[in-house]
>>> print(open('start-v4.txt').read())   # compact mmCIF, C-alpha atoms and all ligand atoms
# COMPACT_ATOMS: atom_id res chain seq x y z
CA MET A 1376 16.78 -48.93 24.54
CA LYS A 1377 17.56 -47.09 27.77
CA HIS A 1378 19.79 -48.92 30.17
CA ALA A 1379 19.96 -49.39 33.90
CA GLU A 1380 23.19 -51.06 34.93
CA ILE A 1381 23.45 -53.08 38.12
CA LYS A 1382 26.92 -53.72 39.51
CA LEU A 1383 26.41 -56.95 41.44
CA GLY A 1384 29.69 -56.78 43.37
CA SER A 1385 33.41 -56.63 42.72
CA ARG A 1386 34.43 -60.30 43.01
CA CYS A 1387 35.94 -61.68 39.81
CA ASN A 1388 37.67 -64.87 38.63
CA ASN A 1389 40.06 -62.70 36.58
CA ASN A 1390 42.33 -59.97 37.95
CA CYS A 1391 42.87 -57.70 34.96
CA ILE A 1392 45.63 -55.13 35.19
CA PHE A 1393 43.34 -52.25 34.20
CA CYS A 1394 40.17 -53.37 35.94
CA THR A 1395 37.79 -50.54 36.87
CA ALA A 1396 35.77 -52.57 39.41
CA ASN A 1397 36.00 -50.99 42.80
CA ASN A 1398 37.23 -53.49 45.40
CA LYS A 1399 35.47 -51.61 48.13
CA ILE A 1400 32.00 -52.42 46.81
CA ASN A 1401 30.38 -55.00 49.02
CA GLU A 1402 28.41 -57.70 47.27
CA MET A 1403 24.67 -57.10 47.21
CA SER A 1404 22.33 -59.76 48.53
CA THR A 1405 19.73 -61.35 46.25
CA ASN A 1406 16.99 -59.40 48.00
CA GLU A 1407 18.83 -56.10 47.65
CA ILE A 1408 19.13 -56.75 43.92
CA LYS A 1409 15.46 -57.67 43.64
CA ASN A 1410 14.57 -54.44 45.43
CA ILE A 1411 16.63 -52.43 42.96
CA ILE A 1412 14.88 -54.15 40.05
CA LYS A 1413 11.54 -53.38 41.66
CA GLY A 1414 12.44 -49.68 41.67
CA ILE A 1415 13.38 -49.48 37.98
CA ASP A 1416 10.66 -47.87 35.88
CA LYS A 1417 10.38 -49.97 32.74
CA LYS A 1418 9.02 -47.04 30.76
CA GLN A 1419 12.26 -45.14 31.50
CA HIS A 1420 14.72 -48.04 31.34
CA ASP A 1421 13.62 -51.12 29.47
CA THR A 1422 17.00 -52.86 29.55
CA ILE A 1423 19.05 -54.05 32.51
CA THR A 1424 22.77 -54.68 32.16
CA LEU A 1425 24.43 -56.88 34.77
CA THR A 1426 28.08 -56.17 35.50
CA GLY A 1427 30.50 -56.65 38.37
CA GLY A 1428 33.21 -57.71 39.04
CA GLU A 1429 32.16 -60.85 37.24
CA PRO A 1430 28.39 -61.31 37.53
CA THR A 1431 28.27 -64.94 36.38
CA ILE A 1432 30.24 -66.33 39.36
CA ARG A 1433 27.46 -65.49 41.82
CA LYS A 1434 25.57 -68.51 43.14
CA ASP A 1435 22.26 -66.69 42.55
CA PHE A 1436 23.14 -65.52 39.03
CA TYR A 1437 20.48 -67.65 37.31
CA GLN A 1438 17.90 -66.56 39.86
CA ILE A 1439 18.69 -62.88 39.22
CA CYS A 1440 18.54 -63.28 35.42
CA LYS A 1441 15.26 -65.17 35.67
CA HIS A 1442 13.78 -62.48 37.90
CA ILE A 1443 14.78 -59.71 35.44
CA LYS A 1444 13.22 -61.57 32.52
CA GLU A 1445 10.03 -62.33 34.49
CA LYS A 1446 9.70 -58.59 35.13
CA GLY A 1447 9.79 -58.04 31.36
CA PHE A 1448 13.18 -56.30 30.91
CA ASN A 1449 15.71 -56.89 28.16
CA LEU A 1450 18.85 -58.35 29.65
CA ILE A 1451 22.49 -57.67 28.77
CA ILE A 1452 25.39 -59.37 30.56
CA GLN A 1453 28.92 -57.96 30.73
CA THR A 1454 31.28 -60.81 31.44
CA ASN A 1455 34.72 -62.27 30.93
CA GLY A 1456 32.89 -65.19 29.35
CA ARG A 1457 34.66 -67.94 31.29
CA MET A 1458 31.55 -69.39 32.94
CA PHE A 1459 29.99 -69.81 29.48
CA SER A 1460 32.63 -72.43 28.72
CA TYR A 1461 30.33 -74.76 30.69
CA PRO A 1462 27.69 -75.85 28.13
CA LYS A 1463 25.05 -76.68 30.76
CA PHE A 1464 25.37 -73.25 32.38
CA THR A 1465 25.26 -71.53 28.98
CA LYS A 1466 22.14 -73.39 27.91
CA LYS A 1467 20.34 -72.64 31.17
CA ILE A 1468 21.08 -68.90 31.10
CA THR A 1469 20.51 -68.29 27.39
CA LYS A 1470 17.19 -70.15 27.48
CA LEU A 1471 15.87 -67.17 29.45
CA GLY A 1472 16.31 -64.98 26.36
CA ILE A 1473 19.38 -62.76 26.64
CA THR A 1474 19.55 -59.68 24.39
CA LYS A 1475 23.33 -59.44 24.27
CA ILE A 1476 26.44 -60.80 25.96
CA CYS A 1477 29.45 -58.48 26.05
CA VAL A 1478 32.66 -60.46 26.49
CA SER A 1479 36.01 -58.93 27.48
CA LEU A 1480 38.86 -60.36 25.46
CA HIS A 1481 42.12 -58.46 25.27
CA GLY A 1482 44.49 -60.38 23.04
CA LEU A 1483 45.68 -63.79 21.95
CA LYS A 1484 46.42 -66.56 24.45
CA LYS A 1485 49.65 -65.38 26.09
CA THR A 1486 48.72 -61.70 26.13
CA HIS A 1487 45.17 -62.21 27.38
CA ASP A 1488 46.32 -64.59 30.14
CA ASN A 1489 48.97 -62.05 31.19
CA ILE A 1490 46.46 -59.21 31.24
CA SER A 1491 43.81 -61.23 33.13
CA LYS A 1492 46.55 -62.71 35.35
CA VAL A 1493 44.91 -66.14 35.04
CA ASN A 1494 46.51 -68.93 33.03
CA GLY A 1495 43.96 -70.64 30.81
CA SER A 1496 41.48 -67.76 30.91
CA PHE A 1497 41.86 -67.09 27.16
CA GLN A 1498 40.89 -70.64 26.23
CA GLN A 1499 37.96 -70.66 28.64
CA THR A 1500 36.67 -67.36 27.21
CA ILE A 1501 37.04 -68.64 23.64
CA ASN A 1502 35.13 -71.81 24.57
CA GLY A 1503 32.47 -69.62 26.17
CA ILE A 1504 32.08 -67.53 23.01
CA LYS A 1505 31.79 -70.69 20.91
CA ASN A 1506 29.11 -72.12 23.21
CA LEU A 1507 27.15 -68.85 23.06
CA LYS A 1508 27.34 -68.64 19.29
CA LYS A 1509 26.19 -72.27 18.96
CA LEU A 1510 23.02 -71.05 20.64
CA ASN A 1511 22.77 -67.96 18.41
CA VAL A 1512 23.30 -65.41 21.15
CA PHE A 1513 24.43 -61.90 20.08
CA VAL A 1514 28.07 -61.64 21.23
CA SER A 1515 29.96 -58.36 21.43
CA ILE A 1516 33.70 -58.38 22.17
CA ASN A 1517 35.32 -55.62 24.20
CA PHE A 1518 39.02 -55.20 23.44
CA VAL A 1519 40.80 -52.60 25.60
CA ILE A 1520 43.80 -51.25 23.72
CA ASN A 1521 46.94 -51.05 25.87
CA LYS A 1522 50.71 -51.42 25.78
CA TYR A 1523 50.60 -55.21 25.95
CA ASN A 1524 48.19 -55.95 23.10
CA LEU A 1525 49.02 -53.07 20.76
CA ASN A 1526 51.25 -55.16 18.48
CA GLU A 1527 48.86 -58.05 18.09
CA MET A 1528 45.70 -56.08 17.37
CA GLN A 1529 45.66 -57.34 13.78
CA ASP A 1530 46.31 -60.99 14.62
CA PHE A 1531 43.61 -60.76 17.26
CA THR A 1532 41.16 -59.18 14.80
CA LYS A 1533 41.84 -61.98 12.30
CA ILE A 1534 40.38 -64.63 14.66
CA LEU A 1535 37.06 -62.77 15.11
CA PRO A 1536 35.29 -63.92 11.90
CA SER A 1537 35.99 -67.57 12.73
CA LEU A 1538 34.45 -67.04 16.17
CA ASN A 1539 31.34 -65.72 14.42
CA VAL A 1540 30.98 -62.80 16.85
CA ASP A 1541 28.56 -59.99 16.02
CA LYS A 1542 30.40 -56.91 17.21
CA ILE A 1543 33.83 -55.69 18.29
CA GLN A 1544 34.41 -52.65 20.42
CA TYR A 1545 37.94 -51.26 20.46
CA SER A 1546 38.03 -49.31 23.72
CA TRP A 1547 40.60 -46.82 24.90
CA LEU A 1548 42.06 -47.54 28.32
CA GLU A 1549 39.89 -45.57 30.72
CA PRO A 1550 41.84 -43.89 33.52
CA ASN A 1551 40.51 -44.68 36.99
CA ASP A 1552 41.66 -44.49 40.59
CA LYS A 1553 42.96 -48.05 40.56
CA ILE A 1554 45.44 -47.37 37.77
CA LYS A 1555 48.22 -45.86 39.81
CA GLU A 1556 50.58 -45.64 36.90
CA TYR A 1557 48.37 -44.98 33.92
CA SER A 1558 51.33 -44.36 31.67
CA LYS A 1559 52.64 -47.87 32.42
CA ASN A 1560 49.68 -49.49 30.60
CA ALA A 1561 48.45 -46.78 28.24
CA VAL A 1562 49.71 -46.02 24.74
CA LYS A 1563 49.59 -42.90 22.60
CA PHE A 1564 46.83 -42.54 20.01
CA SER A 1565 49.42 -41.96 17.31
CA ASP A 1566 51.02 -45.34 18.11
CA VAL A 1567 47.71 -47.11 17.56
CA THR A 1568 46.04 -45.53 14.54
CA LYS A 1569 47.94 -47.53 11.91
CA ASN A 1570 47.04 -50.83 13.60
CA LEU A 1571 43.48 -49.73 14.15
CA PHE A 1572 42.98 -48.80 10.48
CA MET A 1573 44.34 -52.20 9.46
CA CYS A 1574 41.92 -53.93 11.84
CA LEU A 1575 39.00 -51.96 10.38
CA GLU A 1576 40.18 -52.96 6.91
CA LEU A 1577 40.30 -56.63 7.94
CA LEU A 1578 36.68 -56.46 9.11
CA LYS A 1579 35.39 -54.39 6.20
CA ASN A 1580 33.78 -57.25 4.31
CA THR A 1581 32.53 -59.20 7.31
CA LYS A 1582 29.22 -58.98 9.15
CA ILE A 1583 31.01 -57.85 12.34
CA LYS A 1584 29.97 -54.39 13.50
CA THR A 1585 32.85 -52.20 14.65
CA PHE A 1586 32.72 -49.61 17.42
CA MET A 1587 35.32 -47.42 19.03
CA VAL A 1588 35.12 -45.94 22.50
CA GLY A 1589 37.26 -43.17 23.94
CA ILE A 1590 39.03 -42.35 20.67
CA PRO A 1591 38.38 -38.77 19.48
CA PRO A 1592 37.27 -38.47 15.82
CA CYS A 1593 40.14 -36.11 14.93
CA ILE A 1594 42.55 -38.96 15.64
CA LEU A 1595 40.92 -41.19 13.02
CA GLY A 1596 39.83 -38.66 10.43
CA GLU A 1597 36.53 -37.62 8.90
CA LYS A 1598 35.52 -41.12 7.88
CA TYR A 1599 35.12 -42.01 11.54
CA GLU A 1600 33.54 -38.80 12.76
CA ARG A 1601 30.87 -40.73 14.67
CA CYS A 1602 33.31 -42.86 16.65
CA ASN A 1603 33.41 -41.19 20.06
CA LEU A 1604 29.90 -40.10 20.85
CA SER A 1605 28.43 -39.54 24.25
CA PRO A 1606 26.93 -42.75 25.56
CA PRO A 1607 23.21 -42.76 26.26
CA ASP A 1608 22.10 -41.64 29.71
CA MET A 1609 22.17 -44.57 32.04
CA LEU A 1610 21.34 -45.29 35.66
CA ILE A 1611 23.98 -47.18 37.59
CA TYR A 1612 23.25 -49.08 40.79
CA LEU A 1613 25.90 -50.02 43.31
CA LYS A 1614 25.26 -51.24 46.81
CA GLU A 1615 23.36 -48.48 48.61
CA GLN A 1616 24.13 -46.03 45.84
CA ARG A 1617 22.50 -44.99 42.64
CA TYR A 1618 23.92 -42.51 40.20
CA SER A 1619 23.35 -41.31 36.70
CA TYR A 1620 25.91 -41.94 34.04
CA ASN A 1621 25.47 -39.24 31.48
CA LYS A 1622 27.22 -36.44 29.68
CA ASN A 1623 27.84 -34.58 32.93
CA THR A 1624 29.42 -37.47 34.81
CA ARG A 1625 31.53 -38.37 31.77
CA ASN A 1626 32.65 -34.75 31.60
CA GLU A 1627 34.36 -35.14 34.97
CA LYS A 1628 36.88 -37.45 33.31
CA LEU A 1629 37.03 -35.74 29.93
CA VAL A 1630 38.28 -32.40 28.74
CA LYS A 1631 38.09 -30.22 25.65
CA ILE A 1632 41.24 -28.32 24.77
CA ASP A 1633 41.75 -25.02 22.87
CA GLU A 1634 41.95 -26.92 19.57
CA CYS A 1635 38.43 -28.28 20.22
CA LYS A 1636 37.00 -24.74 20.15
CA LYS A 1637 37.78 -24.58 16.42
CA CYS A 1638 36.47 -28.09 15.73
CA SER A 1639 33.38 -28.74 13.62
CA ASN A 1640 32.62 -32.04 15.37
CA THR A 1641 30.08 -31.12 17.99
CA LEU A 1642 29.33 -34.72 18.94
CA CYS A 1643 32.82 -35.57 20.21
CA GLU A 1644 33.04 -36.37 23.91
CA GLY A 1645 36.52 -34.91 24.31
CA ILE A 1646 39.75 -36.42 25.61
CA TYR A 1647 40.49 -38.20 28.88
CA LYS A 1648 42.08 -35.64 31.24
CA LYS A 1649 44.61 -38.21 32.40
CA TYR A 1650 45.63 -38.82 28.80
CA ILE A 1651 46.44 -35.13 28.32
CA GLU A 1652 48.42 -35.13 31.60
CA THR A 1653 50.38 -38.16 30.44
CA PHE A 1654 50.93 -37.58 26.73
CA GLY A 1655 50.12 -33.91 26.06
CA LYS A 1656 47.85 -32.18 23.52
CA THR A 1657 49.82 -32.20 20.30
CA GLU A 1658 48.02 -35.09 18.56
CA PHE A 1659 44.63 -33.36 18.45
CA LYS A 1660 43.86 -31.19 15.44
CA SER A 1661 40.44 -29.67 14.96
CA ILE A 1662 38.28 -31.04 12.14
CA LYS A 1663 37.48 -28.34 9.58
CA LYS A 1664 33.97 -27.91 8.22
S1 LIG B 1701 39.62 -31.49 18.13
FE1 LIG B 1701 38.65 -31.86 20.11
S2 LIG B 1701 36.45 -31.80 19.68
FE2 LIG B 1701 37.48 -32.09 17.72
S3 LIG B 1701 37.49 -34.29 17.43
FE3 LIG B 1701 39.43 -33.71 18.39
S4 LIG B 1701 39.11 -33.98 20.58
FE4 LIG B 1701 37.10 -33.95 19.59
>>> encode(input="start-v4.txt", output="structure tokens", more="lines below")
Ligand code: SF4
Amino acid sequence: MKHAEIKLGSRCNNNCIFCTANNKINEMSTNEIKNIIKGIDKKQHDTITLTGGEPTIRKDFYQICKHIKEKGFNLIIQTNGRMFSYPKFTKKITKLGITKICVSLHGLKKTHDNISKVNGSFQQTINGIKNLKKLNVFVSINFVINKYNLNEMQDFTKILPSLNVDKIQYSWLEPNDKIKEYSKNAVKFSDVTKNLFMCLELLKNTKIKTFMVGIPPCILGEKYERCNLSPPDMLIYLKEQRYSYNKNTRNEKLVKIDECKKCSNTLCEGIYKKYIETFGKTEFKSIKK
């Protein structure tokens, strides 16, 4: 599946501390979005991912989803999941045939509500996940590892089987312009590995697929050598802009250090530049053949 991602705008009903949505993006009109969809070549990109901000809070959200499905694309929605706590809304959207819903959830109740800066958002998201799973929708959870949820990674992971989710993605905090003090929210890889291994152990005998994003393989060892691969090429649409998201654009944020020259892992994406600036290079040791 090759993806085209449409960022519908930057409005959101959460206000996450590490949000990468750009506040300057003006919301696109329904017609502008339809025009973008019209321009996507299905032979090149058969799947459309809707993101924001929060795409589900748009008044025309159903209309947009319906239009995408009528044009024959697969549809993925990236969301905080809160709108899916409304059963009627969930039924209406999922009836269209959604390929996957990726839900951001960053901790247990207190931590998630603190990160999203909205009291009650955790419970709404959990209710949304439950409603989606009642209707057999594929649900993937995105958990961004940071200073505030580091110590409850295991307790968080323990609730996943009971939610019946299909996939969990442990993502490294991605530096962006909005994070003025990256070091305030970010943690060191070496502070996380023990917790991460325990989480992977907890999920070992479940049906939940595990993915890691932004964590170099040398941090986790040979067993996880396929954990930080370049994402597939993707087209991203913002209002009046279109750009490719591929190895080259990722490379602007990532760097390979001297140690990488000796490394046998040729698939690794490298390390976030901002991470190196903040925490240094000493944790990275090349993987021997
Ligand atoms: S040494 Fe460099 S290339 Fe090798 S896994 Fe680590 S970060 Fe990636």
>>> residues_near_ligand(input="start-v4.txt", ligand="ligand LIG 1701 (chain B)", cutoff="7 Å", atoms="all atoms listed in the file", output="VMD selection string")
chain A and resid 1591 to 1594 1631 to 1632 1634 to 1635 1638 to 1641 1643 to 1646 1659 to 1662
>>> closest_residue(input="start-v4.txt", among="A:Trp1547, A:Asn1390, A:Lys1663, A:His1442", to="Asn1494 (chain A)", atoms="all atoms listed in the file")
A:Asn1390
>>> closest_residue(input="start-v4.txt", among="A:Gln1529, A:Glu1407, A:Val1540, A:Ile1590", to="Leu1575 (chain A)", atoms="all atoms listed in the file")
A:Gln1529
>>> atom_distance(input="start-v4.txt", atom1="CA of Leu1450 (chain A)", atom2="CA of Lys1382 (chain A)")
13.6 Å
>>> closest_residue(input="start-v4.txt", among="A:Met1458, A:Ile1543, A:Leu1642, A:Leu1595", to="Glu1658 (chain A)", atoms="only C-alpha atoms")
A:Leu1595
>>> closest_residue(input="start-v4.txt", among="A:Lys1484, A:Lys1542, A:Lys1505, A:Lys1446", to="Asn1524 (chain A)", atoms="all atoms listed in the file")
A:Lys1484
>>> closest_residue(input="start-v4.txt", among="A:Phe1497, A:Tyr1647, A:Tyr1437, A:Phe1464", to="His1481 (chain A)", atoms="all atoms listed in the file")
A:Phe1497
